[in-house]
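Accompanying notes for the structure given below.
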Amino acid sequence: MEKRLPREKLIEMYRKMLRIRHFEDRIYRLFLSGTMPGTIHLSQGQEAIAVGVCANLSKDDIITGTHRSHGEALAKGVSMKSLMAELFARSNGCCKGKGGSMHVGDIDVGMLPAIAIVGGGIPVATGIALAFKMKRLDRVAVSFFGDGASNEGAFHEAINMGAIWDLPVIYVCENNLYGASTHVSKVMKLKDIANRAFSYGIPGVVVDGNDVVAVYEVARKAIDRARKGEGPTLIECKTYHIGGHSRSDPRQYRDKEEEKRWLAKDPIPRMKKKLIATNILSSEKSENIEAAIEKEIDEAIKFAQSSPSPKPEDALRDVFA
Ligand SMILES: Cc1ncc(C[n+]2csc(CCOP(=O)(O)OP(=O)(O)O)c2C)c(N)n1
Ligand SMILES: [Mg+2]
């Protein structure tokens with residue numbers, strides 16, 4: 001399957017996944033050491049979804065994210081420096097240090113600051129797509145959200161609206177099997193969330209969310225369809241997050257066998273193995289990519305730590321409520 005896409009594209013997707021992984025591994029350590037304030041929800045294991053979907057988008061397309069959206073931010077093009085500064089609550093951050101980890105984004109690159117209200121981004125993306133359609137713009141909106149969010153009323157109402165008006169919106173559900181500590185099987189009878197699409201008369205597709213090429217291809221079809229005016233698609237990406245719900249979660253509720261099974265499907269080593277087997281990547285090139293990413297992260301941390309904190313007199317600036 002990988003051979004069908006240009007080598008550069010495959011390497012670039014691999015690099016982008018690695019970049020997200022290294023970034024999150026590093027900020028996890030910064031949080032644990034107390035160097036970074038606030039709280040975090042990490043997405044290690046889910047990188048293929050952000051990268052595979054965003055590789056099909058232009059800067060003009062807009063995404064909405066969740067409490068777990070560092071990966072989507074980097075994949076959509078939010079600069080690492082401004083993301084890092086945001087996590088350090090500095091005024092050079094992508095939301096001027098007022099948003100923090102759960103509200104990352106930068107409208108200049110097409111990411112609305114993420115919405116941490118579970119399901120909250122789904123109607124917003126639908127509204128953005130309505131605006132695109134009314135203004136006859138060739139742009140699409142993509143909403144990333146979790147399995148838990150698909151049990152919210154907002155999901156159902158927004159998808160129905162997107163469907164009846166054939167809006168250029170793609171609903172990307174990252175089914176990582178858990179909503180906080182609750183296993184998906186305890187809160188829904190359906191095996192596939194994608195089947196919910198059929199209630200609203202739109203296509204619903206299940207994809208291996210740990211296979212970046214598979215995600216890329218499914219997303220490409222859905223995005224092409226949306227751009228042609230044929231309406232939304234619900235994509236369910238089956239995945240798993242390696243860490244717990246948030247930084248303080250010891251994951252005692254998780255089945256160790258389940259963890260082991262999913263760890264073997266980690267999207268990054270999996271892609272690396274395929275790229276090496278097909279002579280697209282060498283171990284040496286992979287190491288060089290990782291070294292460059294580590295350097296970029298060091299520089300982003302330096303930038304963030306030397307940036308000023310927001311001024312007290314700016315507390316009410318950019319606040320509309
Ligand atoms: C409306 C709402 N209810 C509850 C919460 C608390 N909460 C934050 S994340 C989360 C779990 C969400 O699960 P899911 O949508 O599957 O996303 P995941 O954390 O797995 O990425 C909950 C219940 C919230 N932020 N918003
Ligand atoms: Mg979940």
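Chain identifiers are assigned as A, B, and so on, following the order in which chains appear in the structure tokens; residues are numbered from 1 within each chain, and ligands are numbered from 1 in order of appearance.
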Practice prompt. Report as a VMD selection string: the residues of range 59-259 of chain A with a DSSP assignment of strand (DSSP E or B), based on the backbone of this structure.
Written response: chain A and resid 62 to 64 106 111 141 to 146 169 to 175 178 to 179 182 to 183 204 to 208 233 to 238
Worksheet item: ligand 2: which residues are within 6 Å, counting only C-alpha atoms and all ligand atoms, as a list of chain:residue names?
Response: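 Answer in the requested format: A:Gly146, A:Asp147, A:Gly148, A:Asn175, A:Asn176, A:Leu177, A:Tyr178, A:Gly179.
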**Request:** Compute the set of protein, DNA and RNA residues whose minimum atom distance to ligand 1 is at most 9 Å, using only C-alpha atoms and all ligand atoms, and state it as a ChimeraX atom specification.
**Result:** /A:41-43,66-69,115-120,145-152,173-182,184,240-241,245-246
Same residues, N, CA, C and O atoms, saved as a compact mmCIF listing (two decimals), in the first residue's frame:
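File selection.txt, as written:
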```
# COMPACT_ATOMS: atom_id res chain seq x y z
N HIS A 41 -3.31 16.12 28.63
CA HIS A 41 -3.85 14.86 28.12
C HIS A 41 -3.00 14.54 26.89
O HIS A 41 -3.01 15.31 25.93
N LEU A 42 -2.31 13.43 26.95
CA LEU A 42 -1.37 13.10 25.87
C LEU A 42 -2.00 12.14 24.86
O LEU A 42 -2.97 11.45 25.19
N SER A 43 -1.42 12.09 23.69
CA SER A 43 -2.04 11.29 22.63
C SER A 43 -1.09 10.24 22.04
O SER A 43 -1.32 9.77 20.93
N THR A 66 -9.81 18.80 20.64
CA THR A 66 -10.36 18.49 21.95
C THR A 66 -9.35 18.80 23.05
O THR A 66 -8.34 19.46 22.80
N HIS A 67 -9.61 18.24 24.23
CA HIS A 67 -8.66 18.35 25.35
C HIS A 67 -7.36 17.60 25.03
O HIS A 67 -6.40 17.73 25.78
N ARG A 68 -7.34 16.79 23.95
CA ARG A 68 -6.18 15.94 23.66
C ARG A 68 -5.66 16.27 22.25
O ARG A 68 -5.61 15.40 21.40
N SER A 69 -5.28 17.51 22.01
CA SER A 69 -5.03 17.90 20.61
C SER A 69 -3.64 18.45 20.30
O SER A 69 -3.47 19.14 19.30
N ILE A 115 -11.45 22.83 21.88
CA ILE A 115 -12.56 22.98 22.82
C ILE A 115 -12.56 21.76 23.73
O ILE A 115 -12.71 20.62 23.27
N ALA A 116 -12.39 21.98 25.04
CA ALA A 116 -12.25 20.86 25.97
C ALA A 116 -13.58 20.34 26.50
O ALA A 116 -13.62 19.35 27.21
N ILE A 117 -14.67 21.00 26.13
CA ILE A 117 -15.99 20.46 26.49
C ILE A 117 -16.21 19.27 25.57
O ILE A 117 -16.19 19.42 24.34
N VAL A 118 -16.36 18.08 26.15
CA VAL A 118 -16.42 16.87 25.32
C VAL A 118 -17.58 17.00 24.31
O VAL A 118 -18.72 17.27 24.69
N GLY A 119 -17.25 16.86 23.04
CA GLY A 119 -18.25 16.98 21.96
C GLY A 119 -18.42 18.41 21.48
O GLY A 119 -19.08 18.65 20.46
N GLY A 120 -17.84 19.37 22.16
CA GLY A 120 -18.07 20.78 21.86
C GLY A 120 -17.61 21.23 20.49
O GLY A 120 -18.17 22.16 19.90
N PHE A 145 -12.63 14.22 17.47
CA PHE A 145 -13.24 14.02 18.79
C PHE A 145 -13.11 12.56 19.19
O PHE A 145 -12.71 11.72 18.37
N GLY A 146 -13.46 12.25 20.43
CA GLY A 146 -13.27 10.90 20.94
C GLY A 146 -14.51 10.03 20.87
O GLY A 146 -15.60 10.50 20.51
N ASP A 147 -14.35 8.77 21.26
CA ASP A 147 -15.49 7.84 21.34
C ASP A 147 -16.52 8.35 22.34
O ASP A 147 -17.72 8.29 22.11
N GLY A 148 -16.02 8.89 23.47
CA GLY A 148 -16.93 9.38 24.50
C GLY A 148 -17.81 10.50 23.95
O GLY A 148 -19.02 10.55 24.22
N ALA A 149 -17.22 11.36 23.14
CA ALA A 149 -17.97 12.49 22.57
C ALA A 149 -19.12 12.02 21.69
O ALA A 149 -20.13 12.72 21.55
N SER A 150 -18.97 10.83 21.12
CA SER A 150 -20.03 10.36 20.20
C SER A 150 -21.28 9.94 20.95
O SER A 150 -22.30 9.61 20.34
N ASN A 151 -21.22 9.96 22.29
CA ASN A 151 -22.44 9.70 23.08
C ASN A 151 -23.12 11.00 23.50
O ASN A 151 -24.15 10.97 24.17
N GLU A 152 -22.55 12.11 23.12
CA GLU A 152 -23.12 13.41 23.49
C GLU A 152 -24.19 13.82 22.48
O GLU A 152 -24.07 13.54 21.28
N CYS A 173 -13.74 10.48 14.38
CA CYS A 173 -13.84 9.95 15.74
C CYS A 173 -12.60 9.11 16.06
O CYS A 173 -12.32 8.12 15.38
N GLU A 174 -11.87 9.51 17.08
CA GLU A 174 -10.68 8.75 17.50
C GLU A 174 -11.12 7.81 18.62
O GLU A 174 -11.19 8.20 19.78
N ASN A 175 -11.49 6.60 18.22
CA ASN A 175 -11.98 5.64 19.21
C ASN A 175 -10.80 4.94 19.88
O ASN A 175 -10.27 3.96 19.36
N ASN A 176 -10.41 5.48 21.05
CA ASN A 176 -9.26 4.90 21.77
C ASN A 176 -9.73 3.97 22.91
O ASN A 176 -8.99 3.70 23.84
N LEU A 177 -10.97 3.54 22.79
CA LEU A 177 -11.58 2.55 23.70
C LEU A 177 -11.97 3.07 25.07
O LEU A 177 -12.63 2.35 25.83
N TYR A 178 -11.57 4.28 25.41
CA TYR A 178 -11.91 4.79 26.73
C TYR A 178 -12.38 6.25 26.70
O TYR A 178 -11.85 7.05 25.93
N GLY A 179 -13.37 6.54 27.53
CA GLY A 179 -13.72 7.92 27.87
C GLY A 179 -13.31 8.05 29.33
O GLY A 179 -13.93 7.43 30.20
N ALA A 180 -12.24 8.75 29.59
CA ALA A 180 -11.59 8.76 30.92
C ALA A 180 -11.31 7.31 31.32
O ALA A 180 -10.63 6.59 30.59
N SER A 181 -11.88 6.80 32.44
CA SER A 181 -11.56 5.43 32.86
C SER A 181 -12.63 4.43 32.41
O SER A 181 -12.57 3.26 32.76
N THR A 182 -13.62 4.89 31.64
CA THR A 182 -14.73 4.01 31.27
C THR A 182 -14.50 3.36 29.91
O THR A 182 -14.30 4.05 28.90
N VAL A 184 -15.34 1.66 26.47
CA VAL A 184 -16.39 1.98 25.51
C VAL A 184 -17.55 0.96 25.57
O VAL A 184 -18.72 1.32 25.40
N TYR A 240 -5.70 3.55 20.23
CA TYR A 240 -5.47 3.33 21.66
C TYR A 240 -4.48 4.38 22.14
O TYR A 240 -3.57 4.73 21.38
N HIS A 241 -4.66 4.90 23.34
CA HIS A 241 -3.59 5.80 23.79
C HIS A 241 -2.72 5.09 24.80
O HIS A 241 -3.20 4.44 25.72
N HIS A 245 -5.55 8.52 30.89
CA HIS A 245 -6.42 9.62 30.46
C HIS A 245 -5.71 10.97 30.57
O HIS A 245 -5.73 11.77 29.65
N SER A 246 -5.12 11.20 31.73
CA SER A 246 -4.38 12.46 31.90
C SER A 246 -3.07 12.13 32.62
O SER A 246 -2.81 10.97 32.94
```
Shell around Val205 in chain A at 8 Å using only C-alpha atoms, local window under 6 positions removed, as number ranges by chain = A: 194-195, 218, 233-236
Need the shell around range 86-103 of chain A: protein/DNA/RNA residues with any atom at most 6 Å away, counting only C-alpha atoms. Skip same-chain ones fewer than 6 positions apart. Format as a PyMOL selection string? chain A and resi 36+40+67+113-116+307-310
Counting only C-alpha atoms, the residue among A:Ile128, A:Arg196, A:Ala141, A:Pro123 that lies closest to Ala158 in chain A is A:Pro123
